[in-house]
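A short write-up of the structure that comes next.
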Amino acid sequence: MCIDCGCGPTDHHHDHDHKHDHAHDHGKGKKINIEEDLLAKNNRLAMNNRQLFQKKGLLVLNLVSSPGSGKTTLLETTLKDLQGELGFAVLEGDQQTSNDADRIAATGVPAHQINTGAGCHLDAHMVGHGVEHFDLDKTDVLMIENVGNLVCPASFDLGEDCKVAVLSVTEGEDKPLKYPQMFRASNLMLINKLDLMPHLRFDLEKCCNYAKRVNPEIEILELSCYTGEGLEKWYDWLRSKLAAKK
Amino acid sequence: MHELGITESIVEIAERTAKQQQASKVLSVTVEVGSLSGVVPEALEFCFEACSKGTLLEGAQLLIEKVAARARCRDCAREFPLDDLLACCPVCRSAASELLSGEELRIKEMEID
């Protein structure tokens with residue numbers, strides 16, 4: 001088929017009366033149907049990851065947020081409080097530095113840093129190799145801290161059970177509306193840094209309504225790693241998700 | 001800018017298929033991009049020239065077919081087009097809807113020589 005005007009190779013007359021500026025050497029071109037998803041490779045690798053995680057009875061969470069929402073602090077706090085009870089491993093995604101993995105490793109939990117360089121998200125291939133650094137038989141929960149970015153990580157399945165979107169109250173309550181794709185793809189929204197509420201004009205109720213508007217099924221928890229408020233509910237959520245996997 | 005990785009997939013899939021077909025050259029590749037796929041068509045075009053250099057796709061045309069998003073209201077079951085994920089049902093104003101199309105990101109066909 002002609003790629004400019006859509007005329008087919010069999011009924012193709014070169015004396016047609018409409019104007020075109022394209023060359024007419026395309027009649028010899030052969031059309032091939034492909035119908036392949038452009039994310040197929042990532043999705044296939046994510047499926048491999050998911051099968052491995054399933055076999056090992058792992059709960060896998062993909063933590064997504066903007067930079068600076070407090071994901072790493074949330075992880076540090078969670079690991080300190082629960083590592084006596086559950087086996088954790090943490091994959092850290094950042095463009096550069098091993099700062100976050102170093103912070104996690106300081107808690108005593110196995111951590112591995114993935115540097116994406118120019119990349120704006122983790123993909124299933126990186127995660128598949130990242131978990132080779134862990135003894136998954138000793139792991140109950142794998143936490144994947146994605147690159148701080150509310151756009152691209154929404155499109156890349158890593159093989160996780162749930163995406164957890166972390167939103168801090170310093171960011172503005174309309175984040176779910178501004179980045180609906182991410183909040184639609186997430187199973188849980190954690191509203192973080194609750195202790196800062198007295199200093200801000202963040203409308204908690206509006207934020208929850210906005211999130212429910214883009215994703216009626218999303219669960220919402222509010223917490224502060226600084227005061228500890230709401231952490232027990234988050235831990236109960238983790239325990240119940242893990243129990244459902246086992 | 002994950003369009004770069006997506007464009008690499010286009011080139012990879014098309015080149016693999018072209019080799020299977022023993023083609024000497026790819027003349028055009030058609031991809032379907034949903035309006036809610038999170039991919040900007042202009043960015044794909046921008047990356048395509050660089051990614052196709054030195055492959056069977058060098059000089060090929062990248063044809064992008066935009067796919068409009070449609071949803072079905074979960075409350076009244078009406079199907080309707082939507083411009084973004086925040087659109088409400090035009091009939092009952094419900095915000096709860098199920099996406100029917102708009103997330104496509106597929107290489108559809110190509111023309112080889």
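Chain lettering (A, B, ...) mirrors the order of the structure tokens, residue numbering begins at 1 for each chain separately, and ligand numbering begins at 1 in order of display.
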Pull the closest atom pair for each residue of chain B that gets at most 9 Å from chain A, along with the distance in Å to one decimal, counting only C-alpha atoms, ordering rows by chain and then ascending residue number, as a tab-separated table.
```
residue	atom	partner	partner_atom	distance
B:Met1	CA	A:Cys120	CA	6.6
B:His2	CA	A:Cys152	CA	6.5
B:Gly5	CA	A:Gly119	CA	8.8
B:Ile6	CA	A:Leu38	CA	6.4
B:Thr7	CA	A:Leu38	CA	8.5
B:Ser9	CA	A:Leu38	CA	6.0
B:Ile10	CA	A:Leu38	CA	6.6
B:Ile13	CA	A:Glu36	CA	8.0
B:Ala14	CA	A:Ile34	CA	8.2
B:Thr17	CA	A:Ile34	CA	7.9
B:Ala18	CA	A:Ile32	CA	8.8
B:Gln21	CA	A:Ile32	CA	8.9
B:Val26	CA	A:Gly29	CA	8.5
B:Leu27	CA	A:Gly29	CA	7.2
B:Ser28	CA	A:Ile3	CA	7.4
B:Val31	CA	A:Leu38	CA	8.9
B:Leu36	CA	A:Gln181	CA	8.1
B:Ser37	CA	A:Ser155	CA	7.8
B:Gly38	CA	A:Ser155	CA	7.3
B:Val39	CA	A:Cys152	CA	8.9
B:Gln61	CA	A:Ile3	CA	8.4
B:Leu63	CA	A:Ile3	CA	8.1
B:Asp84	CA	A:Pro180	CA	8.7
B:Leu85	CA	A:Pro180	CA	6.4
B:Leu86	CA	A:Val214	CA	6.1
B:Ala95	CA	A:Arg213	CA	5.9
B:Ala96	CA	A:Pro216	CA	6.5
B:Ser97	CA	A:Pro216	CA	8.9
B:Glu104	CA	A:Asp37	CA	8.0
B:Leu105	CA	A:Leu38	CA	5.7
B:Arg106	CA	A:Asp37	CA	4.3
B:Ile107	CA	A:Glu36	CA	5.4
B:Lys108	CA	A:Glu35	CA	4.4
B:Glu109	CA	A:Asn33	CA	4.3
B:Met110	CA	A:Ile32	CA	5.3
B:Glu111	CA	A:Lys31	CA	4.3
B:Ile112	CA	A:Lys30	CA	5.1
B:Asp113	CA	A:Gly29	CA	4.8
```
Practice problem: Pull the helix (DSSP H, G or I) assignments for region 115-171 of chain A out of DSSP run on the backbone, and list those residues as a PyMOL selection string. | Solution: chain A and resi 124-133+136-138+152-155
Take the residues that were just selected and, keeping C-alpha atoms, output them as a compact mmCIF listing (two decimals), in the first residue's frame.
```
# COMPACT_ATOMS: atom_id res chain seq x y z
CA ALA A 124 11.65 -5.55 34.20
CA HIS A 125 15.07 -6.45 32.81
CA MET A 126 16.89 -4.37 35.44
CA VAL A 127 14.77 -5.86 38.21
CA GLY A 128 15.32 -9.43 36.97
CA HIS A 129 19.07 -8.95 37.28
CA GLY A 130 18.78 -6.83 40.41
CA VAL A 131 17.20 -9.64 42.42
CA GLU A 132 20.11 -11.95 41.57
CA HIS A 133 21.88 -10.12 44.39
CA LEU A 136 15.05 -14.88 47.79
CA ASP A 137 14.50 -17.96 49.95
CA LYS A 138 15.17 -15.74 52.95
CA CYS A 152 7.23 6.88 32.96
CA PRO A 153 7.28 4.23 35.73
CA ALA A 154 3.49 3.93 35.29
CA SER A 155 3.99 2.20 31.93
```
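A straight line drawn from CA of Glu8 (chain B) to CA of Glu103 (chain B) is 18.9 Å long.
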Practice problem: Have a look at CA of Ile218 (chain A) and CA of Leu188 (chain A) and let me know their distance in Å, one decimal. | Solution: 5.5 Å
Self-check item: Residue nearest Ala71 (chain B) - candidates B:Cys51, B:Cys88, B:Val11, B:Ala43, atoms counted: only C-alpha atoms
Solution: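 Among B:Cys51, B:Cys88, B:Val11, B:Ala43, it is B:Cys88 that comes nearest to Ala71 (chain B).
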Quiz prompt | In chain B, DSSP strand (DSSP E) residues written as a PyMOL selection string | solution = chain B and resi 26-34+61-67+69-73+79-82+97-101+105-112
Next, write the just-selected residues to a file, as a short mmCIF file (atom, residue, chain, number, x, y, z; two decimals), in the first residue's frame, keeping C-alpha atoms as the atom set.
```cif
data_model
loop_
_atom_site.label_atom_id
_atom_site.label_comp_id
_atom_site.auth_asym_id
_atom_site.auth_seq_id
_atom_site.Cartn_x
_atom_site.Cartn_y
_atom_site.Cartn_z
CA VAL B 26 12.15 -1.42 5.45
CA LEU B 27 10.19 1.30 3.68
CA SER B 28 7.74 2.18 6.39
CA VAL B 29 6.59 1.13 9.83
CA THR B 30 3.11 1.81 11.19
CA VAL B 31 2.60 2.09 14.93
CA GLU B 32 -0.57 2.63 16.92
CA VAL B 33 -0.28 5.08 19.79
CA GLY B 34 -3.20 5.47 22.16
CA GLN B 61 8.98 6.37 7.26
CA LEU B 62 7.49 6.13 10.72
CA LEU B 63 3.71 6.31 10.41
CA ILE B 64 1.88 6.97 13.63
CA GLU B 65 -1.80 6.13 13.94
CA LYS B 66 -3.29 7.83 16.95
CA VAL B 67 -5.94 5.82 18.75
CA ALA B 69 -9.58 6.78 24.07
CA ARG B 70 -12.99 5.32 24.84
CA ALA B 71 -14.48 4.28 28.15
CA ARG B 72 -17.56 2.52 29.49
CA CYS B 73 -19.34 4.03 32.47
CA GLU B 79 -19.72 4.07 26.14
CA PHE B 80 -18.14 7.45 25.50
CA PRO B 81 -14.98 9.05 24.12
CA LEU B 82 -12.65 10.70 26.62
CA SER B 97 -15.37 4.25 34.15
CA GLU B 98 -13.56 1.39 32.56
CA LEU B 99 -11.11 2.17 29.78
CA LEU B 100 -11.87 0.38 26.49
CA SER B 101 -9.13 1.87 24.32
CA LEU B 105 1.30 1.04 22.00
CA ARG B 106 1.69 -1.41 19.17
CA ILE B 107 3.69 -1.90 16.03
CA LYS B 108 0.95 -2.72 13.55
CA GLU B 109 2.53 -3.36 10.19
CA MET B 110 5.40 -2.47 7.94
CA GLU B 111 6.28 -2.31 4.30
CA ILE B 112 9.47 -4.03 3.18
#
```
Exercise. Might you pull out every residue within 9 Å of region 52-61 of chain A, with only C-alpha atoms counted and same-chain residues fewer than 3 positions away left off, and present them as a list in words?
Key: Met47, Asn48, Asn49, Leu136, Asp137, Thr139, Asp140, Val141, Leu142, Met143, Ile144, Glu145, Gly159, Glu160, Asp161, Cys162, Lys163, Val164, Leu238, Lys241, Leu242, Lys245 and Lys246 of chain A
If we count only C-alpha atoms and set the cut-off at 12 Å, which residues sit around region 190-201 of chain A, ignoring sequence neighbours fewer than 6 positions away in its own chain? Please answer as a PDB file with C-alpha atoms, in the first residue's frame.
```pdb
ATOM      1  CA  LEU A  63       7.153   2.265  45.215  1.00  0.00           C
ATOM      2  CA  VAL A  64       6.552   5.214  42.927  1.00  0.00           C
ATOM      3  CA  SER A  65       6.454   8.941  43.604  1.00  0.00           C
ATOM      4  CA  GLY A  68      11.588  13.860  47.585  1.00  0.00           C
ATOM      5  CA  SER A  69       8.290  12.335  48.740  1.00  0.00           C
ATOM      6  CA  GLY A  70      10.103  10.391  51.449  1.00  0.00           C
ATOM      7  CA  LYS A  71      10.198   6.894  49.950  1.00  0.00           C
ATOM      8  CA  THR A  72      13.638   6.055  51.313  1.00  0.00           C
ATOM      9  CA  THR A  73      12.818   7.338  54.804  1.00  0.00           C
ATOM     10  CA  LEU A  74       9.579   5.365  54.719  1.00  0.00           C
ATOM     11  CA  LEU A  75      11.561   2.260  53.808  1.00  0.00           C
ATOM     12  CA  LYS A 163       2.304  -0.267  42.901  1.00  0.00           C
ATOM     13  CA  VAL A 164       2.351   1.964  45.940  1.00  0.00           C
ATOM     14  CA  ALA A 165       2.225   5.690  45.176  1.00  0.00           C
ATOM     15  CA  VAL A 166       3.773   7.857  47.870  1.00  0.00           C
ATOM     16  CA  LEU A 167       2.596  11.462  47.960  1.00  0.00           C
ATOM     17  CA  SER A 168       3.868  13.891  50.561  1.00  0.00           C
ATOM     18  CA  VAL A 169       1.709  16.719  51.831  1.00  0.00           C
ATOM     19  CA  THR A 170       4.288  19.297  50.712  1.00  0.00           C
ATOM     20  CA  GLU A 171       3.496  18.456  47.081  1.00  0.00           C
ATOM     21  CA  GLY A 172      -0.052  19.727  46.685  1.00  0.00           C
ATOM     22  CA  GLU A 173      -3.304  17.787  46.831  1.00  0.00           C
ATOM     23  CA  LYS A 175      -1.036  15.445  42.184  1.00  0.00           C
ATOM     24  CA  PRO A 176      -3.481  12.586  41.426  1.00  0.00           C
ATOM     25  CA  PHE A 183      -2.502   6.951  40.464  1.00  0.00           C
ATOM     26  CA  CYS A 207      -6.489  14.803  47.763  1.00  0.00           C
ATOM     27  CA  CYS A 208      -8.327  11.563  48.614  1.00  0.00           C
ATOM     28  CA  ALA A 211      -7.235   9.945  43.866  1.00  0.00           C
ATOM     29  CA  ILE A 218      -7.302   2.840  45.236  1.00  0.00           C
ATOM     30  CA  GLU A 219      -6.677   2.310  48.965  1.00  0.00           C
ATOM     31  CA  ILE A 220      -5.415   5.305  50.926  1.00  0.00           C
ATOM     32  CA  LEU A 221      -3.367   5.483  54.117  1.00  0.00           C
ATOM     33  CA  GLU A 222      -1.970   8.552  55.826  1.00  0.00           C
ATOM     34  CA  LEU A 223       1.228   8.481  57.833  1.00  0.00           C
ATOM     35  CA  SER A 224       4.248  10.240  59.223  1.00  0.00           C
ATOM     36  CA  CYS A 225       7.625   8.560  59.611  1.00  0.00           C
ATOM     37  CA  TYR A 226       8.636  11.380  61.955  1.00  0.00           C
ATOM     38  CA  THR A 227       5.875  10.958  64.557  1.00  0.00           C
ATOM     39  CA  GLY A 228       4.999   7.354  63.728  1.00  0.00           C
ATOM     40  CA  GLU A 229       1.346   8.276  63.145  1.00  0.00           C
ATOM     41  CA  GLY A 230      -0.390   5.865  60.807  1.00  0.00           C
ATOM     42  CA  LEU A 231       2.567   3.494  60.515  1.00  0.00           C
ATOM     43  CA  LYS A 233      -1.967   0.684  59.579  1.00  0.00           C
ATOM     44  CA  TRP A 234       0.649   0.569  56.825  1.00  0.00           C
ATOM     45  CA  TYR A 235       2.312  -2.389  58.523  1.00  0.00           C
ATOM     46  CA  TRP A 237      -1.628  -3.542  55.138  1.00  0.00           C
TER      47      TRP A 237
END
```
Self-check item: Residue contacts of region 92-102 of chain A (7 Å, only C-alpha atoms) excluding same-chain residues fewer than 3 positions away, as a list in words
Solution: Thr72, Ala105, Ala106, Ala111, His112, Gln113, Ile114, Asn115, Thr116, Gly117, Ala118, Gly119, Leu122, Ile144, Glu145, Asn146 and Val147 of chain A
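Note that the spacing between CA of Val40 (chain B) and CA of Asp174 (chain A) amounts to 22.7 Å.
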